[in-house]
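File shown: start21.txt (compact mmCIF, C-alpha atoms).
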```txt
# COMPACT_ATOMS: atom_id res chain seq x y z
CA MET A 1 -23.59 69.13 150.52
CA PHE A 2 -25.88 69.65 147.51
CA SER A 3 -28.90 68.35 149.45
CA ALA A 4 -28.27 70.88 152.19
CA VAL A 5 -28.21 73.74 149.68
CA GLU A 6 -31.39 72.56 148.02
CA SER A 7 -33.21 72.27 151.32
CA SER A 8 -32.21 75.78 152.27
CA GLU A 9 -33.74 77.33 149.07
CA THR A 10 -37.27 78.75 149.43
CA VAL A 11 -39.90 77.60 146.94
CA CYS A 12 -42.55 80.22 146.04
CA SER A 13 -45.64 80.13 143.88
CA TYR A 14 -48.14 82.62 142.51
CA GLN A 15 -50.74 81.15 144.80
CA ASP A 16 -48.67 82.26 147.76
CA VAL A 17 -49.06 85.83 146.58
CA LEU A 18 -52.82 85.38 146.10
CA ASN A 19 -53.16 83.82 149.53
CA TYR A 20 -51.24 86.72 151.04
CA LEU A 21 -53.63 89.18 149.32
CA ASN A 22 -56.66 87.01 150.05
CA LEU A 23 -57.46 87.44 146.35
CA THR A 24 -60.20 85.00 145.34
CA LYS A 25 -63.19 85.07 143.02
CA SER A 26 -65.54 85.23 146.00
CA ASN A 27 -63.82 88.19 147.61
CA GLU A 28 -66.04 91.14 146.72
CA LEU A 29 -63.42 93.63 147.91
CA TYR A 30 -61.58 93.29 144.59
CA SER A 31 -64.40 92.89 142.09
CA MET A 32 -67.44 94.84 143.25
CA THR A 33 -66.36 98.47 143.66
CA ARG A 34 -63.78 100.96 142.49
CA PRO A 35 -60.49 99.98 144.24
CA VAL A 36 -59.90 103.04 146.44
CA LYS A 37 -59.83 103.34 150.20
CA ASP A 38 -61.31 106.85 150.09
CA TYR A 39 -64.22 107.25 147.68
CA LYS A 40 -63.34 110.93 147.17
CA GLN A 41 -60.04 109.94 145.62
CA PRO A 42 -60.37 109.37 141.82
CA THR A 43 -58.93 106.39 140.03
CA THR A 44 -56.37 107.40 137.43
CA VAL A 45 -56.58 105.24 134.29
CA SER A 46 -53.67 105.37 131.88
CA LEU A 47 -54.53 104.60 128.25
CA HIS A 48 -52.28 103.81 125.34
CA VAL A 49 -53.48 102.89 121.81
CA LEU A 50 -51.44 101.58 118.86
CA LEU A 51 -52.78 101.25 115.33
CA TYR A 52 -51.88 97.79 114.05
CA ALA A 53 -53.76 97.79 110.73
CA ILE A 54 -56.24 99.77 108.64
CA LEU A 55 -58.58 97.04 107.48
CA ASP A 56 -61.20 99.00 105.57
CA VAL A 57 -62.67 102.44 104.95
CA ARG A 58 -66.20 102.36 103.53
CA GLU A 59 -67.09 105.71 102.02
CA ILE A 60 -70.64 104.72 101.13
CA ASP A 61 -71.34 103.64 104.76
CA GLN A 62 -69.15 106.29 106.41
CA THR A 63 -67.37 103.52 108.32
CA PHE A 64 -63.77 103.16 109.50
CA ILE A 65 -62.48 99.71 110.50
CA PRO A 66 -59.07 99.67 112.24
CA TYR A 67 -57.32 96.93 114.16
CA VAL A 68 -55.88 98.44 117.36
CA TRP A 69 -53.93 97.41 120.41
CA ILE A 70 -55.30 98.96 123.60
CA PHE A 71 -53.16 99.06 126.76
CA MET A 72 -54.95 100.16 129.92
CA SER A 73 -53.55 100.42 133.45
CA TRP A 74 -54.77 101.77 136.81
CA GLN A 75 -53.94 101.61 140.52
CA ASN A 76 -55.61 99.17 142.93
CA GLN A 77 -55.01 100.38 146.46
CA TYR A 78 -55.80 96.98 147.97
CA ILE A 79 -53.00 95.18 146.14
CA SER A 80 -49.34 95.40 147.19
CA TRP A 81 -46.59 93.05 148.33
CA ASN A 82 -42.88 92.89 148.73
CA PRO A 83 -41.37 90.83 145.87
CA SER A 84 -38.41 89.82 148.06
CA ASP A 85 -40.82 87.95 150.36
CA PHE A 86 -42.01 85.82 147.45
CA CYS A 87 -38.79 84.86 145.69
CA GLY A 88 -38.76 88.03 143.57
CA ILE A 89 -42.26 87.60 142.12
CA SER A 90 -43.32 91.07 140.98
CA GLY A 91 -46.31 90.24 138.78
CA VAL A 92 -49.12 87.71 138.60
CA SER A 93 -51.57 87.00 135.77
CA LEU A 94 -55.20 86.52 136.74
CA PRO A 95 -58.56 86.05 134.98
CA THR A 96 -60.14 89.39 134.16
CA GLU A 97 -63.38 88.67 135.99
CA VAL A 98 -61.57 88.51 139.34
CA LEU A 99 -60.86 92.26 139.57
CA TRP A 100 -62.75 95.49 138.95
CA LYS A 101 -62.05 97.11 135.58
CA PRO A 102 -62.77 100.62 134.26
CA ASP A 103 -65.90 100.78 132.11
CA LEU A 104 -64.30 102.49 129.13
CA THR A 105 -66.08 102.63 125.80
CA ILE A 106 -65.49 104.15 122.37
CA GLU A 107 -68.09 106.70 121.33
CA GLU A 108 -67.72 106.11 117.58
CA MET A 109 -68.12 102.34 117.76
CA THR A 110 -71.21 101.13 115.86
CA GLU A 111 -70.75 97.36 116.18
CA LYS A 112 -69.62 95.26 119.08
CA ASP A 113 -66.19 93.77 118.70
CA LYS A 114 -66.61 90.17 117.56
CA ALA A 115 -63.15 89.15 118.74
CA PRO A 116 -63.12 87.77 122.30
CA PRO A 117 -61.54 90.08 124.90
CA SER A 118 -58.30 89.21 126.57
CA PRO A 119 -59.03 86.55 129.24
CA HIS A 120 -56.23 87.67 131.60
CA LEU A 121 -54.77 90.73 133.20
CA THR A 122 -51.58 91.30 135.16
CA ILE A 123 -51.20 92.63 138.69
CA PHE A 124 -47.89 94.06 139.93
CA SER A 125 -46.45 94.37 143.39
CA THR A 126 -46.93 98.15 143.33
CA GLY A 127 -50.69 97.73 142.88
CA VAL A 128 -50.73 98.58 139.19
CA ILE A 129 -53.15 96.56 137.07
CA LEU A 130 -52.39 96.14 133.35
CA ILE A 131 -54.74 94.76 130.71
CA GLN A 132 -54.19 94.52 126.97
CA ASN A 133 -56.89 94.04 124.34
CA ASP A 134 -56.68 93.62 120.58
CA GLN A 135 -59.85 94.87 118.94
CA VAL A 136 -61.29 95.19 115.45
CA LEU A 137 -63.29 98.41 115.73
CA VAL A 138 -66.20 99.15 113.42
CA SER A 139 -66.57 102.87 113.99
CA THR A 140 -68.37 105.70 112.28
CA CYS A 141 -66.28 108.36 110.58
CA ARG A 142 -67.34 111.48 108.72
CA MET A 143 -65.86 111.12 105.23
CA HIS A 144 -64.90 114.16 103.17
CA VAL A 145 -64.76 112.94 99.58
CA TYR A 146 -64.64 116.32 97.82
CA LYS A 147 -61.12 115.61 96.51
CA PHE A 148 -61.68 111.91 95.82
CA PRO A 149 -59.47 110.02 94.94
CA PHE A 150 -56.79 112.43 96.21
CA ASP A 151 -58.45 112.83 99.60
CA THR A 152 -57.08 112.65 103.12
CA GLN A 153 -59.38 111.32 105.83
CA THR A 154 -59.22 111.86 109.58
CA CYS A 155 -61.10 109.50 111.88
CA THR A 156 -61.36 109.81 115.63
CA LEU A 157 -61.55 107.21 118.39
CA THR A 158 -62.90 108.78 121.60
CA PHE A 159 -62.45 106.85 124.85
CA LYS A 160 -64.53 107.68 127.90
CA SER A 161 -66.20 106.07 130.90
CA VAL A 162 -69.78 104.95 130.57
CA ILE A 163 -71.11 106.10 133.98
CA HIS A 164 -68.24 107.52 136.01
CA SER A 165 -67.61 111.25 136.23
CA VAL A 166 -64.28 113.03 136.25
CA ASP A 167 -64.37 112.95 140.09
CA GLU A 168 -64.28 109.14 139.96
CA ILE A 169 -62.18 108.24 136.91
CA GLN A 170 -59.52 110.42 135.36
CA LEU A 171 -58.09 109.44 131.99
CA VAL A 172 -54.48 110.16 131.07
CA HIS A 173 -52.25 109.10 128.18
CA ASP A 174 -48.65 108.05 128.69
CA THR A 175 -47.40 108.89 125.20
CA ASN A 176 -47.52 112.04 123.08
CA SER A 177 -48.60 112.22 119.45
CA SER A 178 -45.16 111.72 117.90
CA GLN A 179 -44.45 108.63 120.00
CA ALA A 180 -47.87 107.14 119.19
CA THR A 181 -47.29 107.75 115.48
CA GLU A 182 -43.79 106.27 115.51
CA TRP A 183 -44.79 103.16 117.46
CA SER A 184 -47.85 102.61 115.28
CA ARG A 185 -45.67 102.70 112.15
CA GLU A 186 -43.33 100.15 113.69
CA VAL A 187 -46.07 97.63 114.44
CA MET A 188 -48.35 98.32 111.44
CA ARG A 189 -48.77 95.39 109.06
CA THR A 190 -51.70 96.19 106.77
CA GLN A 191 -52.87 99.49 105.34
CA TYR A 192 -55.13 98.28 102.50
CA GLU A 193 -55.55 101.18 100.06
CA TRP A 194 -54.77 103.80 102.71
CA LEU A 195 -51.43 105.25 103.70
CA PHE A 196 -51.11 105.99 107.42
CA ILE A 197 -49.90 109.58 108.05
CA ASP A 198 -50.00 110.19 111.79
CA MET A 199 -51.98 109.81 114.98
CA THR A 200 -52.59 112.67 117.39
CA VAL A 201 -53.59 112.28 121.04
CA SER A 202 -55.54 114.82 123.05
CA ASN A 203 -57.20 114.86 126.47
CA GLN A 204 -60.35 116.86 127.21
CA THR A 205 -62.98 117.23 129.87
CA VAL A 206 -66.49 117.41 128.43
CA THR A 207 -69.97 117.72 129.91
CA LYS A 208 -72.77 115.62 128.46
CA PHE A 209 -76.23 115.25 129.95
CA GLY A 210 -75.06 117.05 133.08
CA LEU A 211 -72.15 114.60 133.62
CA GLU A 212 -68.61 115.92 133.45
CA GLN A 213 -66.16 113.32 132.15
CA ASP A 214 -62.60 112.92 130.96
CA VAL A 215 -62.16 111.81 127.35
CA ILE A 216 -59.09 110.84 125.34
CA MET A 217 -59.28 111.31 121.57
CA TYR A 218 -57.02 109.51 119.12
CA THR A 219 -57.23 111.16 115.71
CA ILE A 220 -55.93 108.98 112.88
CA SER A 221 -54.97 110.70 109.61
CA MET A 222 -54.59 108.67 106.43
CA LYS A 223 -54.24 109.34 102.73
CA ARG A 224 -55.81 107.32 99.95
CA ARG A 225 -53.57 105.52 97.47
CA SER A 226 -54.90 107.07 94.27
CA VAL A 227 -52.84 105.21 91.65
CA LEU A 228 -55.45 102.56 90.91
CA TYR A 229 -58.22 105.15 90.60
CA ILE A 230 -56.09 107.18 88.18
CA VAL A 231 -55.40 104.14 86.01
CA ASN A 232 -58.87 102.59 86.18
CA PHE A 233 -61.09 105.68 86.14
CA ILE A 234 -59.57 109.11 85.48
CA LEU A 235 -57.37 108.12 82.53
CA PRO A 236 -60.08 106.06 80.73
CA VAL A 237 -62.51 109.00 80.92
CA LEU A 238 -59.74 111.27 79.61
CA PHE A 239 -59.10 108.81 76.77
CA PHE A 240 -62.80 108.92 75.88
CA LEU A 241 -62.49 112.69 75.63
CA GLY A 242 -59.55 112.22 73.27
CA LEU A 243 -61.57 109.81 71.13
CA ASP A 244 -64.40 112.31 70.94
CA LEU A 245 -61.88 114.95 69.86
CA ALA A 246 -60.52 112.57 67.20
CA SER A 247 -64.04 112.17 65.79
CA PHE A 248 -63.58 115.55 64.08
CA LEU A 249 -61.32 113.72 61.62
CA ILE A 250 -64.22 111.50 60.51
CA SER A 251 -66.15 112.65 57.44
CA ASP A 252 -69.54 114.22 58.04
CA ASN A 253 -71.07 112.28 55.15
CA GLY A 254 -72.92 109.23 56.39
CA GLY A 255 -73.71 108.27 59.99
CA GLU A 256 -70.36 106.82 61.08
CA LYS A 257 -69.33 109.92 63.03
CA LEU A 258 -72.68 110.17 64.80
CA GLY A 259 -72.65 106.49 65.81
CA PHE A 260 -69.06 106.76 67.06
CA GLN A 261 -69.83 109.75 69.29
CA VAL A 262 -72.94 108.12 70.73
CA THR A 263 -70.88 105.02 71.64
CA VAL A 264 -68.24 107.10 73.43
CA LEU A 265 -70.95 109.03 75.29
CA LEU A 266 -72.52 105.79 76.53
CA ALA A 267 -69.11 104.59 77.76
CA VAL A 268 -68.75 107.72 79.93
CA THR A 269 -72.27 107.10 81.28
CA VAL A 270 -71.22 103.61 82.41
CA MET A 271 -68.24 105.12 84.26
CA GLN A 272 -70.60 107.51 86.05
CA LEU A 273 -72.73 104.59 87.22
CA ILE A 274 -69.64 102.91 88.66
CA LEU A 275 -68.71 106.14 90.45
CA ASN A 276 -72.18 106.37 91.97
CA GLU A 277 -71.60 103.08 93.80
CA ILE A 278 -68.41 104.39 95.43
CA LEU A 279 -69.22 107.88 96.68
CA PRO A 280 -71.55 108.49 99.63
CA SER A 281 -74.79 110.38 99.06
CA SER A 282 -74.38 112.37 102.27
CA SER A 283 -71.51 114.52 101.03
CA ASN A 284 -71.93 118.26 101.66
CA ARG A 285 -70.27 119.23 98.38
CA ILE A 286 -70.29 117.67 94.94
CA PRO A 287 -67.04 115.68 94.66
CA LEU A 288 -64.54 116.90 92.11
CA ILE A 289 -64.55 113.48 90.44
CA ALA A 290 -68.28 113.88 89.76
CA VAL A 291 -67.69 117.38 88.35
CA TYR A 292 -64.94 115.87 86.20
CA CYS A 293 -67.31 113.27 84.72
CA ILE A 294 -70.17 115.72 84.26
CA GLY A 295 -67.90 118.26 82.56
CA ILE A 296 -66.50 115.74 80.09
CA PHE A 297 -69.99 114.36 79.50
CA SER A 298 -71.20 117.89 78.71
CA LEU A 299 -68.37 118.49 76.23
CA MET A 300 -69.20 115.24 74.47
CA MET A 301 -72.89 116.15 74.44
CA LEU A 302 -72.11 119.49 72.76
CA SER A 303 -69.95 117.69 70.22
CA LEU A 304 -72.80 115.28 69.47
CA LEU A 305 -75.29 118.14 69.03
CA GLU A 306 -72.87 119.90 66.68
CA THR A 307 -72.58 116.74 64.57
CA ILE A 308 -76.37 116.44 64.39
CA LEU A 309 -76.61 120.08 63.22
CA VAL A 310 -73.95 119.57 60.55
CA LEU A 311 -75.62 116.41 59.24
CA TYR A 312 -78.95 118.24 59.09
CA LEU A 313 -77.47 121.09 57.03
CA ILE A 314 -75.72 118.68 54.65
CA GLU A 315 -78.94 116.74 54.19
CA LYS A 316 -80.69 120.00 53.41
CA ASP A 317 -78.23 120.65 50.57
CA ASN A 318 -78.56 117.07 49.32
CA GLU A 319 -82.32 117.44 49.07
CA ALA A 320 -81.91 120.62 46.99
CA ASP A 321 -79.46 118.86 44.63
CA GLU A 322 -81.81 115.92 44.27
CA ASP A 323 -84.66 118.22 43.30
CA GLN A 324 -82.45 119.84 40.64
CA ARG A 325 -81.47 116.47 39.15
CA LEU A 326 -85.10 115.42 38.94
CA CYS A 327 -85.94 118.60 37.01
CA GLU A 328 -83.05 118.04 34.60
CA ASP A 329 -84.02 114.40 34.01
CA CYS A 330 -87.63 115.38 33.24
CA GLY A 331 -86.50 118.00 30.69
CA GLY A 332 -84.19 115.56 28.91
CA LYS A 333 -86.87 112.92 28.64
CA GLN A 334 -89.36 115.38 27.15
CA SER A 335 -86.88 116.51 24.40
CA LYS A 336 -86.02 112.90 23.60
CA THR A 337 -89.70 111.97 23.31
CA SER A 338 -90.43 114.87 20.89
CA PHE A 339 -87.43 113.89 18.77
CA GLN A 340 -88.65 110.28 18.50
CA ASN A 341 -92.16 111.42 17.59
CA ASN A 342 -90.83 113.59 14.73
CA ARG A 343 -88.70 110.73 13.47
CA GLU A 344 -91.64 108.29 13.47
CA GLU A 345 -93.77 110.83 11.65
CA LYS A 346 -91.15 111.21 8.88
CA LYS A 347 -90.83 107.44 8.62
CA TRP A 348 -94.56 106.93 8.13
CA ASN A 349 -94.67 109.68 5.53
CA GLN A 350 -91.95 107.95 3.53
CA CYS A 351 -93.78 104.63 3.77
CA ALA A 352 -96.96 106.31 2.60
CA CYS A 353 -95.19 107.54 -0.52
CA VAL A 354 -94.04 104.08 -1.38
CA CYS A 355 -97.42 102.49 -0.79
CA ASP A 356 -99.23 104.99 -3.07
CA VAL A 357 -97.58 103.60 -6.23
CA SER A 358 -100.10 101.79 -8.51
CA PRO A 359 -99.42 98.24 -9.62
CA ASP A 360 -99.36 99.16 -13.36
CA GLU A 361 -96.65 101.77 -12.98
CA THR A 362 -93.03 100.94 -13.12
CA PRO A 363 -91.62 101.55 -9.72
CA THR A 364 -88.30 102.88 -10.84
CA GLU A 365 -88.33 106.27 -9.21
CA PRO A 366 -90.09 105.24 -6.07
CA LEU A 367 -87.62 102.42 -5.52
CA LYS A 368 -84.81 104.84 -5.76
CA PHE A 369 -86.59 107.10 -3.25
CA GLN A 370 -87.13 104.11 -0.98
CA VAL A 371 -83.43 103.26 -1.02
CA SER A 372 -82.44 106.82 -0.26
CA SER A 373 -84.97 107.05 2.57
CA SER A 374 -83.59 103.88 4.16
CA GLN A 375 -80.15 105.38 4.07
CA VAL A 376 -81.47 108.52 5.76
CA THR A 377 -83.13 106.39 8.42
CA GLU A 378 -79.87 104.61 9.24
CA GLU A 379 -78.05 107.89 9.45
CA SER A 380 -80.72 109.37 11.73
CA GLN A 381 -80.45 106.35 14.00
CA GLY A 382 -76.71 106.81 14.16
CA PHE A 383 -77.13 110.49 15.02
CA GLU A 384 -79.67 109.53 17.66
CA LYS A 385 -77.28 107.10 19.32
CA LEU A 386 -74.50 109.68 19.18
CA SER A 387 -76.83 112.26 20.73
CA ASP A 388 -77.70 109.88 23.58
CA VAL A 389 -74.02 109.17 24.26
CA LEU A 390 -73.15 112.86 24.27
CA ARG A 391 -76.04 113.57 26.62
CA GLU A 392 -74.82 110.91 29.10
CA VAL A 393 -71.28 112.31 28.93
CA VAL A 394 -72.51 115.82 29.65
CA LYS A 395 -74.56 114.54 32.57
CA THR A 396 -71.58 112.66 34.04
CA LEU A 397 -69.31 115.69 33.70
CA THR A 398 -71.92 117.85 35.40
CA LEU A 399 -72.12 115.46 38.37
CA LEU A 400 -68.32 115.38 38.68
CA HIS A 401 -68.18 119.14 38.55
CA ASN A 402 -70.82 119.46 41.26
CA SER A 403 -69.07 116.92 43.50
CA ARG A 404 -65.74 118.74 43.21
CA ASN A 405 -67.32 122.11 43.74
CA GLU A 406 -69.64 121.46 46.67
CA GLY A 407 -69.93 125.13 47.24
CA GLY A 408 -71.83 125.77 44.04
CA LYS A 409 -75.08 127.62 43.84
CA HIS A 410 -76.84 124.77 45.72
CA GLY A 411 -74.00 124.18 48.36
CA TYR A 412 -74.57 127.16 50.66
CA TRP A 413 -75.20 125.11 53.82
CA THR A 414 -72.35 122.76 53.00
CA ARG A 415 -69.98 125.73 53.01
CA LYS A 416 -71.41 126.83 56.34
CA THR A 417 -70.81 123.38 57.90
CA LYS A 418 -67.08 123.70 57.24
CA THR A 419 -67.05 127.02 59.08
CA ILE A 420 -69.11 125.55 61.93
CA ASN A 421 -66.70 122.60 62.27
CA LYS A 422 -63.65 124.87 62.44
CA VAL A 423 -65.16 127.26 64.97
CA PHE A 424 -66.50 124.46 67.18
CA PHE A 425 -63.19 122.56 67.05
CA ILE A 426 -61.32 125.63 68.34
CA PHE A 427 -63.99 126.16 71.02
CA TYR A 428 -63.80 122.47 71.98
CA ILE A 429 -60.01 122.53 72.40
CA ILE A 430 -60.03 125.73 74.49
CA SER A 431 -62.95 124.60 76.69
CA ALA A 432 -61.48 121.14 77.33
CA SER A 433 -58.05 122.58 78.17
CA LEU A 434 -59.44 125.14 80.62
CA PHE A 435 -61.72 122.57 82.23
CA LEU A 436 -58.94 120.03 82.77
CA PHE A 437 -56.61 122.73 84.13
CA CYS A 438 -59.23 123.86 86.66
CA MET A 439 -59.93 120.27 87.69
CA PHE A 440 -56.31 119.36 88.37
CA PHE A 441 -55.71 122.70 90.11
CA ASN A 442 -58.62 122.05 92.48
CA TRP A 443 -57.48 118.50 93.12
CA SER A 444 -54.06 119.82 94.08
CA TYR A 445 -54.86 122.93 96.09
CA ALA A 446 -58.53 122.89 97.09
CA GLU A 447 -59.24 122.42 100.80
CA GLU A 448 -61.76 120.07 102.33
CA LEU A 449 -64.61 121.55 104.29
```
Go through the file and emit its structure as structure tokens.
Amino acid sequence: MFSAVESSETVCSYQDVLNYLNLTKSNELYSMTRPVKDYKQPTTVSLHVLLYAILDVREIDQTFIPYVWIFMSWQNQYISWNPSDFCGISGVSLPTEVLWKPDLTIEEMTEKDKAPPSPHLTIFSTGVILIQNDQVLVSTCRMHVYKFPFDTQTCTLTFKSVIHSVDEIQLVHDTNSSQATEWSREVMRTQYEWLFIDMTVSNQTVTKFGLEQDVIMYTISMKRRSVLYIVNFILPVLFFLGLDLASFLISDNGGEKLGFQVTVLLAVTVMQLILNEILPSSSNRIPLIAVYCIGIFSLMMLSLLETILVLYLIEKDNEADEDQRLCEDCGGKQSKTSFQNNREEKKWNQCACVCDVSPDETPTEPLKFQVSSSQVTEESQGFEKLSDVLREVVKTLTLLHNSRNEGGKHGYWTRKTKTINKVFFIFYIISASLFLFCMFFNWSYAEEL
């Protein structure tokens, strides 16, 4: 009983379908020309693209590298069969070189896809041919980096035929923009530093070089993830501005403040060099991030020039004080020298009186005079030492008085430096606040051109 049932069942194969269609590699009917029975009838090609991953966006090269799935289908009028005649077989997979395929290309592509194309396609009993390709596209994209790193980029993939006009190949898309966006989000695996926003689909008929063609444009919108740029670039430059502002707390005496400000200024210069390697040189407008760095660099430069001016004025006062001290020291030395000369003269006069005594005379009176003169000499030496000590004390007190009262008759420029510091500090705070407010306002509300 079972053998009878088995013998009554029909066994079918895919080759039976191919034999029925006479579909072989040598049959030029399927591979040489566009598969229509009337050449005036156009071939309608249905295109569907899904964005699987955003691999890279190179601003400096103006390059967009996505990984896409491309589904393409069209009608072959020479292929049809009844599935019931072949055990319900409704589709057969074949090598791609067996059948004619539309010559679609992507206008923005700059490098040939290195991944091998799909080796097979599928034919259906209704005559529909379906082929799927996964491609890594290296395409050109016009980058607008005015609001970097808070920018939103839109890149377009334009599909068209290489040689066929709109009378021969008509391109249509099966899905609308919302469906393409939703399906792309479902299959997307990698977005790198970019956040996928949406994908719009549009169909146009354009004329180029006298050839009218159908084109389908997929416009991909994406937003940059700016967190890393805020942490690694914007905040450090802002911290450098804060350090430069804190340098006003450093004393103007000495060169510590000047050296500190020069170091901070060089650090901002290094950040600008890093930025130069990121942004493209073909931008129509100066990016806001470059204006941000230049503005902060300018504020720091003004602060450095103000410090140099203050140090110059203080040095000018110090030179005047030094000249005054030299004059006072010269006057004190001259008075001391005259006093010593008078004392030596008196001493030699006393000695002369003692030496004039004859040897026959009794030196009673002169000896008494000699003793009294020695006493006077000791007292004069004591007064001299006391005078020197008093002079040093007066000099020390004068220096202390001048240091506590820097605005004395020789501290005019020193007084002016305090006023300059106060005025410039207020100007610095107001300018930095207005500049940062304008920068963040433009980053938030400015529009890309």
Provide an axis-aligned box for all listed atoms of segment 151-167 of chain A, padding each side by 8 Å; report its centre and its edge lengths in Å to one decimal, as AutoDock Vina command-line options.
```
--center_x -64.1 --center_y 109.0 --center_z 119.8 --size_x 30.0 --size_y 24.1 --size_z 56.5
```
re atom CA of Leu235 of chain A and atom CA of Thr269 of chain A: distance 15.0 Å
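Nearest residue to Pro236 of chain A among A:Leu288, A:Ile250, A:Val262, A:Cys293 is A:Cys293, counting all atoms listed in the file.
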For atom CA of Gln135 of chain A and atom CA of Val68 of chain A, determine how far apart the two atoms are, in Å to one decimal place. 5.6 Å
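When all atoms listed in the file are used to compute distances to Phe233 of chain A, the closest of the residues A:Thr219, A:Asn284, A:Asn253, A:Gln272 turns out to be A:Gln272.
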How many Å separate atom CA of Leu311 of chain A from atom CA of Thr419 of chain A?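 According to the coordinates, atom CA of Leu311 of chain A and atom CA of Thr419 of chain A are separated by 13.6 Å.
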Segment 188-198 of chain A environment, 7 Å, all atoms listed in the file, sequence neighbours closer than 6 positions dropped, as a list of chain:residue names: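 Close residues of segment 188-198 of chain A: A:Leu51, A:Tyr52, A:Ala53, A:Ile54, A:Leu55, A:Asp56, A:Thr181, A:Ile220, A:Ser221, A:Met222, A:Lys223, A:Arg224, A:Arg225.
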Given only C-alpha atoms as the basis, pick out the residue of A:Val162, A:Thr126, A:Ser73, A:Pro116 nearest to Asp103 of chain A.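 Counting only C-alpha atoms, the residue closest to Asp103 of chain A is A:Val162.
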Using all atoms listed in the file, pick whichever of A:Ala115, A:Leu279, A:Val172, A:Val128 has the shortest atom-to-atom distance to Thr44 of chain A.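 That would be A:Val172, the residue with the smallest distance to Thr44 of chain A.
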Go through A:Tyr20, A:Trp69, A:Tyr14, A:Tyr312 one by one, measure the shortest atom-to-atom distance of each to Thr414 of chain A using only C-alpha atoms, and give the residue with the smallest value.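 Among the listed residues, A:Tyr312 lies closest to Thr414 of chain A.
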Near His164 of chain A, counting only C-alpha atoms, which residues have an atom at most 9 Å away, once you skip same-chain residues fewer than 5 positions from it, shown as a PDB file with C-alpha atoms, in the coordinates of the input?
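Saved to out_31.pdb:
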```pdb
ATOM      1  CA  PRO A 102     -62.770 100.620 134.260  1.00  0.00           C
ATOM      2  CA  ASP A 103     -65.900 100.780 132.110  1.00  0.00           C
ATOM      3  CA  ILE A 169     -62.180 108.240 136.910  1.00  0.00           C
ATOM      4  CA  LEU A 211     -72.150 114.600 133.620  1.00  0.00           C
ATOM      5  CA  GLU A 212     -68.610 115.920 133.450  1.00  0.00           C
ATOM      6  CA  GLN A 213     -66.160 113.320 132.150  1.00  0.00           C
TER       7      GLN A 213
END
```
Identify which of the residues A:Ala432, A:Leu157, A:Ile426, A:Ile274 lies closest to Met300 of chain A, counting only C-alpha atoms when measuring atom-to-atom distances.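 Once distances to Met300 of chain A are computed over only C-alpha atoms, the minimum belongs to A:Ala432.
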I want to know what sits within 12 Å of Tyr78 of chain A, based on all atoms listed in the file, with residues of the same chain fewer than 2 positions away left out; could you give that as a list in words?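 Using all atoms listed in the file, the neighbours found are Tyr20, Leu21, Asn22, Leu23, Asn27, Glu28, Leu29, Tyr30, Ser31, Thr33, Arg34, Pro35, Val36, Lys37, Asp38, Gln75, Asn76, Ser80, Trp81, Leu99, Trp100, Ile123, Phe124, Ser125, Thr126, Gly127, Val128 and Ile129 of chain A.
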Near-Asp244 of chain A list (12 Å; only C-alpha atoms; drop same-chain fewer than 3 positions) as a ChimeraX atom specification: /A:237-241,247-250,257-268,296-304,307,425,428-429,432
May I have the protein, DNA and RNA residues with any atom at most 10 Å from the point (-58.1, 120.7, 94.2), counting all atoms listed in the file, written as a list in words?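 All residues meeting the 10 Å criterion around (-58.1, 120.7, 94.2) are Tyr146, Lys147, Phe148, Phe150, Asp151, Leu288, Cys438, Met439, Phe440, Phe441, Asn442, Trp443, Ser444, Tyr445, Ala446, Glu447 and Glu448 of chain A.
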